[in-house]
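Read through the structure below, which is laid out as structure tokens, and then see the notes.
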Amino acid sequence: MDKLVIEGGTPLRGEVRISGAKNAALPLLFATLLHEGPSHIANLPRLQDVRTTLNLLIELGVGVRRSDDGTAVLDAANLLSHEAPYDLVRRMRASVLCLGPLLARNGHARVSLPGGCAIGARPIDLHLQGLEALGATIELAGGYVEATAPRGGLVGGRVLFDQVTVGGTENLMMAAATAQGKTTLENCAREPEISDLAMALRSMGAQITGDGTSIIEIEGIPKLGPMKHTVVPDRIEAGTYMAAAAITRGDVKLVGARLEHLDSLISKMAQAGVEVRREGNGLRVRHHGELHAVDVQTRPYPGFPTDLQAQFMALMTVAQGSSTVTESVFEKRFMHVPELNRMGADIQTKDRTAFVRGVESLHGAKVMATDLRASATLVIGGLAAQGRTEVLRVYHLDRGYEAIEEKIGALGGVIRRVPQDWEDD
Ligand code: EPZ
């Protein structure tokens with residue numbers, strides 16, 4: 001296992017290219033199962049979760065050819081299996097996104113239940129209820145979901161999600177694309193990654209409207225053609241570097257970042273005193289002087305993203321004054337709090353709210369990564385802290401951040417990746 005060793009205190013300056021979005025790339029890769037032939041995807045990020053997804057697709061019989069320029073050709077002409085095994089799903093819950101496409105393509109899917117993870121129980125009951133509304137039979141046996149479509153295939157219907165679910169919306173969009181007749185999905189997720197998937201499905205011939213709003217309508221068609229799509233830039237990666245630029249009082253250009261995908265974060269940053277503005281083909285983040293304490297509450301998009309909650313909290317640990325950070329999406333997404341407190345932060349939590357009292361400065365410490373975004377937050381803290389920070393178990397970071405030490409190093413951050421010592425475990 002590796003760790004990242006960071007010497008804090010250097011303002012980040014320069015340009016960083018934002019990679020393709022992890023949370024768009026994963027559903028897009030699964031959507032290629034819907035076409036019986038080759039599909040082309042560009043701007044795929046180099047991430048562990050993308051590699052895990054490609055390995056699962058290969059197990060299912062998809063031919064994968066990947067180039068150095070971030071493009072990939074996936075050929076789903078001959079599927080060999082309709083099963084997503086536990087040892088793959090437990091490592092990456094997004095594997096459940098193969099459920100809708102396999103059911104639509106094969107009429108059958110056997111997918112391991114993902115189980116909980118560091119940030120919560122994360123059930124998939126809403127995915128399953130939605131597929132039943134399209135005529136699927138769902139059985140749970142031995143920790144697996146056995147889904148079977150009616151003999152003539154899935155049938156369009158009305159799905160009302162009890163609560164907003166990104167994965168549920170994505171699974172149902174993919175399942176409904178070739179169902180017979182019309183499907184209406186209500187109370188849908190509105191994330192940019194949903195619209196990116198809809199755009200990719202439309203490139204395959206799917207008839208989808210309303211993506212980006214809470215009501216999506218899909219007219220099923222018998223067959224989908226090849227996907228040809230470029231992955232949207234990663235707004236969460238962009239927001240992560242925005243926080244790193246702000247906390248180090250730097251000046252960074254986020255090449256490829258889209259202002260309209262980061263409205264809620266940018267308005268909170270402005271309240272905190274951080275200037276963010278559009279510049280050419282990206283965003284420019286500059287900060288000097290004090291940070292003001294600002295309260296945030298995470299919400300489904302376009303609300304403040306839960307995936308940026310930890311990163312913004314890191315910023316608030318050194319702001320002037322006290323702030324509250326409320327996590328409304330997941331039941332336990334404060335794994336970063338004890339680690340930030342070990343770096344000298346002053347954070348108390350009660351239920352889903354963290355009470356952050358700003359301190360003068362953080363100080364370096366040896367800290368443990370737990371989940372993807374909590375790990376990024378420890379890096380942000382380390383870049384601002386006085387002295388050395390060691391972030392252990394960096395594999396969490398590699399799931400969702402492409403070449404993080406190269407990108408931070410190119411901005412002047414003092415960071416290196418080294419093997420963990422045996423006593424670090
Ligand atoms: C997606 O997860 C993202 N992952 C998550 O990003 C992100 O945090 C989350 O959406 C919310 O924005 C990918 O896109 C691969 P949900 P997903 O279904 O789809 C509950 C990251 O760091 N729920 O929108 O799993 C669920 O427990 C990751 O990149 C049900 O109860 O999230 C949660 O409390 C972390 N039943 C809430 O809904 C269901 O059937 C939102 O979950 C489905 C969800």
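We name chains A, B, ... following the order of the structure tokens; residues begin at 1 in each chain, and ligands are numbered from 1 as shown.
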Can you tell me which residues surround Glu260 (chain A) at a distance of at most 10 Å, considering only C-alpha atoms, apart from same-chain residues fewer than 2 positions away, and format the answer as a PDB file with N, CA and C atoms, in the first residue's frame?
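For reference, part-v6.pdb as written:
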ATOM      1  N   PRO A 192     -25.494  16.569 -13.395  1.00  0.00           N
ATOM      2  CA  PRO A 192     -24.957  16.659 -14.766  1.00  0.00           C
ATOM      3  C   PRO A 192     -24.584  15.287 -15.331  1.00  0.00           C
ATOM      4  N   ARG A 235     -16.958  17.468 -12.106  1.00  0.00           N
ATOM      5  CA  ARG A 235     -17.232  18.646 -11.267  1.00  0.00           C
ATOM      6  C   ARG A 235     -16.753  18.438  -9.832  1.00  0.00           C
ATOM      7  N   ALA A 257     -13.232  22.866 -16.390  1.00  0.00           N
ATOM      8  CA  ALA A 257     -14.308  22.908 -15.384  1.00  0.00           C
ATOM      9  C   ALA A 257     -15.438  23.807 -15.887  1.00  0.00           C
ATOM     10  N   ARG A 258     -16.696  23.429 -15.561  1.00  0.00           N
ATOM     11  CA  ARG A 258     -17.855  24.177 -16.041  1.00  0.00           C
ATOM     12  C   ARG A 258     -18.542  24.892 -14.875  1.00  0.00           C
ATOM     13  N   LEU A 262     -21.173  23.867 -10.997  1.00  0.00           N
ATOM     14  CA  LEU A 262     -20.635  24.073  -9.643  1.00  0.00           C
ATOM     15  C   LEU A 262     -21.265  25.287  -8.955  1.00  0.00           C
ATOM     16  N   ASP A 263     -22.459  25.650  -9.404  1.00  0.00           N
ATOM     17  CA  ASP A 263     -23.122  26.859  -8.872  1.00  0.00           C
ATOM     18  C   ASP A 263     -23.166  26.890  -7.344  1.00  0.00           C
ATOM     19  N   SER A 264     -23.636  25.795  -6.740  1.00  0.00           N
ATOM     20  CA  SER A 264     -23.855  25.823  -5.280  1.00  0.00           C
ATOM     21  C   SER A 264     -22.525  25.968  -4.543  1.00  0.00           C
ATOM     22  N   ILE A 266     -19.732  27.332  -5.762  1.00  0.00           N
ATOM     23  CA  ILE A 266     -19.163  28.656  -6.057  1.00  0.00           C
ATOM     24  C   ILE A 266     -19.846  29.737  -5.223  1.00  0.00           C
ATOM     25  N   ARG A 278     -15.311  32.514 -14.412  1.00  0.00           N
ATOM     26  CA  ARG A 278     -15.058  31.842 -15.683  1.00  0.00           C
ATOM     27  C   ARG A 278     -13.831  32.470 -16.328  1.00  0.00           C
ATOM     28  N   PRO A 302     -29.619  20.446  -7.818  1.00  0.00           N
ATOM     29  CA  PRO A 302     -28.518  21.423  -7.815  1.00  0.00           C
ATOM     30  C   PRO A 302     -28.133  21.934  -6.425  1.00  0.00           C
TER      31      PRO A 302
END
Quiz item: Neighbours of ligand 1 within 7 Å, counting only C-alpha atoms and all ligand atoms, as a ChimeraX atom specification?
Solution: /A:22-24,26,94,120-127,163-168,300,305-307,329-331,372-373,400
Practice problem: Enumerate, as a ChimeraX atom specification, the complete set of residues in region 115-303 of chain A that a backbone-based DSSP assignment places in helix (DSSP H, G or I). | Solution: /A:125-133,166-176,192-203,235-247,259-261,263-272
Self-check item: Near-Asp371 (chain A) list (9 Å; only C-alpha atoms; drop same-chain fewer than 6 positions) as a list of chain:residue names
Solution: A:Cys117, A:Ala118, A:Ile119, A:Arg333, A:Met335, A:His336, A:His396, A:Leu397
Include N, CA and C atoms and write out the residues we just selected as a short mmCIF file (atom, residue, chain, number, x, y, z; two decimals), in the first residue's frame.
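Writing the result to result-v8.cif gives the following:
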data_model
loop_
_atom_site.label_atom_id
_atom_site.label_comp_id
_atom_site.auth_asym_id
_atom_site.auth_seq_id
_atom_site.Cartn_x
_atom_site.Cartn_y
_atom_site.Cartn_z
N CYS A 117 -21.29 0.47 3.00
CA CYS A 117 -19.93 0.97 2.77
C CYS A 117 -19.66 2.01 3.86
N ALA A 118 -18.51 2.66 3.74
CA ALA A 118 -18.07 3.54 4.83
C ALA A 118 -19.05 4.69 5.08
N ILE A 119 -19.85 5.06 4.05
CA ILE A 119 -20.66 6.27 4.26
C ILE A 119 -22.13 5.96 4.52
N ARG A 333 -21.41 10.34 6.88
CA ARG A 333 -20.33 10.78 5.98
C ARG A 333 -19.43 11.79 6.69
N MET A 335 -16.43 10.58 8.27
CA MET A 335 -15.24 9.79 8.64
C MET A 335 -13.99 10.67 8.66
N HIS A 336 -14.04 11.80 7.99
CA HIS A 336 -12.87 12.68 7.92
C HIS A 336 -12.71 13.53 9.18
N HIS A 396 -7.75 4.51 -1.57
CA HIS A 396 -9.08 5.13 -1.61
C HIS A 396 -9.09 6.28 -2.61
N LEU A 397 -8.01 7.05 -2.60
CA LEU A 397 -7.94 8.23 -3.49
C LEU A 397 -7.85 7.81 -4.94
#
Quiz item: Skipping near chain neighbours, those fewer than 5 positions away, what residues fall within 8 Å of Gly156 (chain A) using only C-alpha atoms, listed as a PyMOL selection string?
Solution: chain A and resi 134+176+179-184+219-220
Practice problem: Name the closest residue to Arg249 (chain A) among the candidates A:Arg105, A:Arg393, A:His288, A:Lys228; distances are taken between atoms, counting only C-alpha atoms. | Solution: A:His288
Practice problem: With a distance cut-off of 8 Å and only C-alpha atoms, select the neighbouring residues of His292 (chain A), excluding the residue or stretch itself and same-chain residues fewer than 3 positions from it, and output the selection as an MDAnalysis selection string. | Solution: chainID A and resid 271:273 316 319:321
Requested write-out: N, CA, C and O atoms of the selected residues, as a tab-separated table (two decimals), in the first residue's frame:
chain	number	residue	atom	x	y	z
A	271	GLN	N	-19.29	33.41	-0.54
A	271	GLN	CA	-19.64	33.85	0.83
A	271	GLN	C	-18.45	33.72	1.77
A	271	GLN	O	-18.27	34.48	2.71
A	272	ALA	N	-17.58	32.73	1.47
A	272	ALA	CA	-16.39	32.52	2.32
A	272	ALA	C	-15.28	33.49	1.96
A	272	ALA	O	-14.25	33.56	2.65
A	273	GLY	N	-15.49	34.25	0.85
A	273	GLY	CA	-14.49	35.23	0.46
A	273	GLY	C	-13.57	34.78	-0.64
A	273	GLY	O	-12.54	35.41	-0.92
A	316	MET	N	-13.40	25.15	6.07
A	316	MET	CA	-14.01	25.82	7.22
A	316	MET	C	-13.20	25.64	8.50
A	316	MET	O	-13.34	26.43	9.43
A	319	ALA	N	-11.34	28.79	8.82
A	319	ALA	CA	-12.07	30.03	8.53
A	319	ALA	C	-12.21	30.86	9.81
A	319	ALA	O	-12.04	30.35	10.91
A	320	GLN	N	-12.53	32.14	9.62
A	320	GLN	CA	-12.77	33.02	10.76
A	320	GLN	C	-14.19	32.76	11.28
A	320	GLN	O	-15.15	32.98	10.54
A	321	GLY	N	-14.33	32.23	12.50
A	321	GLY	CA	-15.68	32.02	13.02
A	321	GLY	C	-16.08	30.55	12.99
A	321	GLY	O	-15.27	29.67	12.69
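If you look at CA of Ser361 (chain A) and CA of Arg416 (chain A), they are 22.1 Å away from each other.
Note that the spacing between CA of Ala310 (chain A) and CA of Phe334 (chain A) amounts to 7.5 Å.
Between CA of Glu170 (chain A) and CA of Gly100 (chain A) there is a distance of 8.4 Å.
Counting only C-alpha atoms and comparing A:Ser39, A:Val252, A:Leu128, A:Ile138, the residue that lies closest to Ala410 (chain A) is A:Val252.
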Exercise. Skip Thr213 (chain A) itself and residues of its chain fewer than 4 positions away, then list as a VMD selection string all residues within 8 Å of it, counting only C-alpha atoms.
Key: chain A and resid 188 to 190
Restrict the selected residues to C-alpha atoms and save them as an mmCIF file, in the first residue's frame.
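So result15.cif came out as:
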data_model
loop_
_atom_site.group_PDB
_atom_site.id
_atom_site.type_symbol
_atom_site.label_atom_id
_atom_site.label_comp_id
_atom_site.auth_asym_id
_atom_site.auth_seq_id
_atom_site.Cartn_x
_atom_site.Cartn_y
_atom_site.Cartn_z
ATOM 1 C CA CYS A 188 -35.362 11.800 -10.737
ATOM 2 C CA ALA A 189 -31.852 12.872 -9.867
ATOM 3 C CA ARG A 190 -30.797 15.980 -11.807
#
Find the nearest atom pair between each residue of region 214-298 of chain A and region 157-162 of chain A for residues within 12 Å, count only C-alpha atoms, give distances in Å to one decimal, sort rows by chain and ascending number, and present the table as a tab-separated table.
residue	atom	partner	partner_atom	distance
A:Ser214	CA	A:Phe161	CA	10.0
A:Ile215	CA	A:Leu160	CA	9.3
A:Ile216	CA	A:Val159	CA	9.9
A:Glu217	CA	A:Arg158	CA	9.4
A:Ile218	CA	A:Gly157	CA	9.7
A:Glu219	CA	A:Gly157	CA	10.3
A:Gly220	CA	A:Gly157	CA	10.4
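Checking A:Ile194, A:Gly250, A:Leu97, A:Pro85 one by one against Tyr144 (chain A), counting only C-alpha atoms, you find the shortest gap at A:Pro85.
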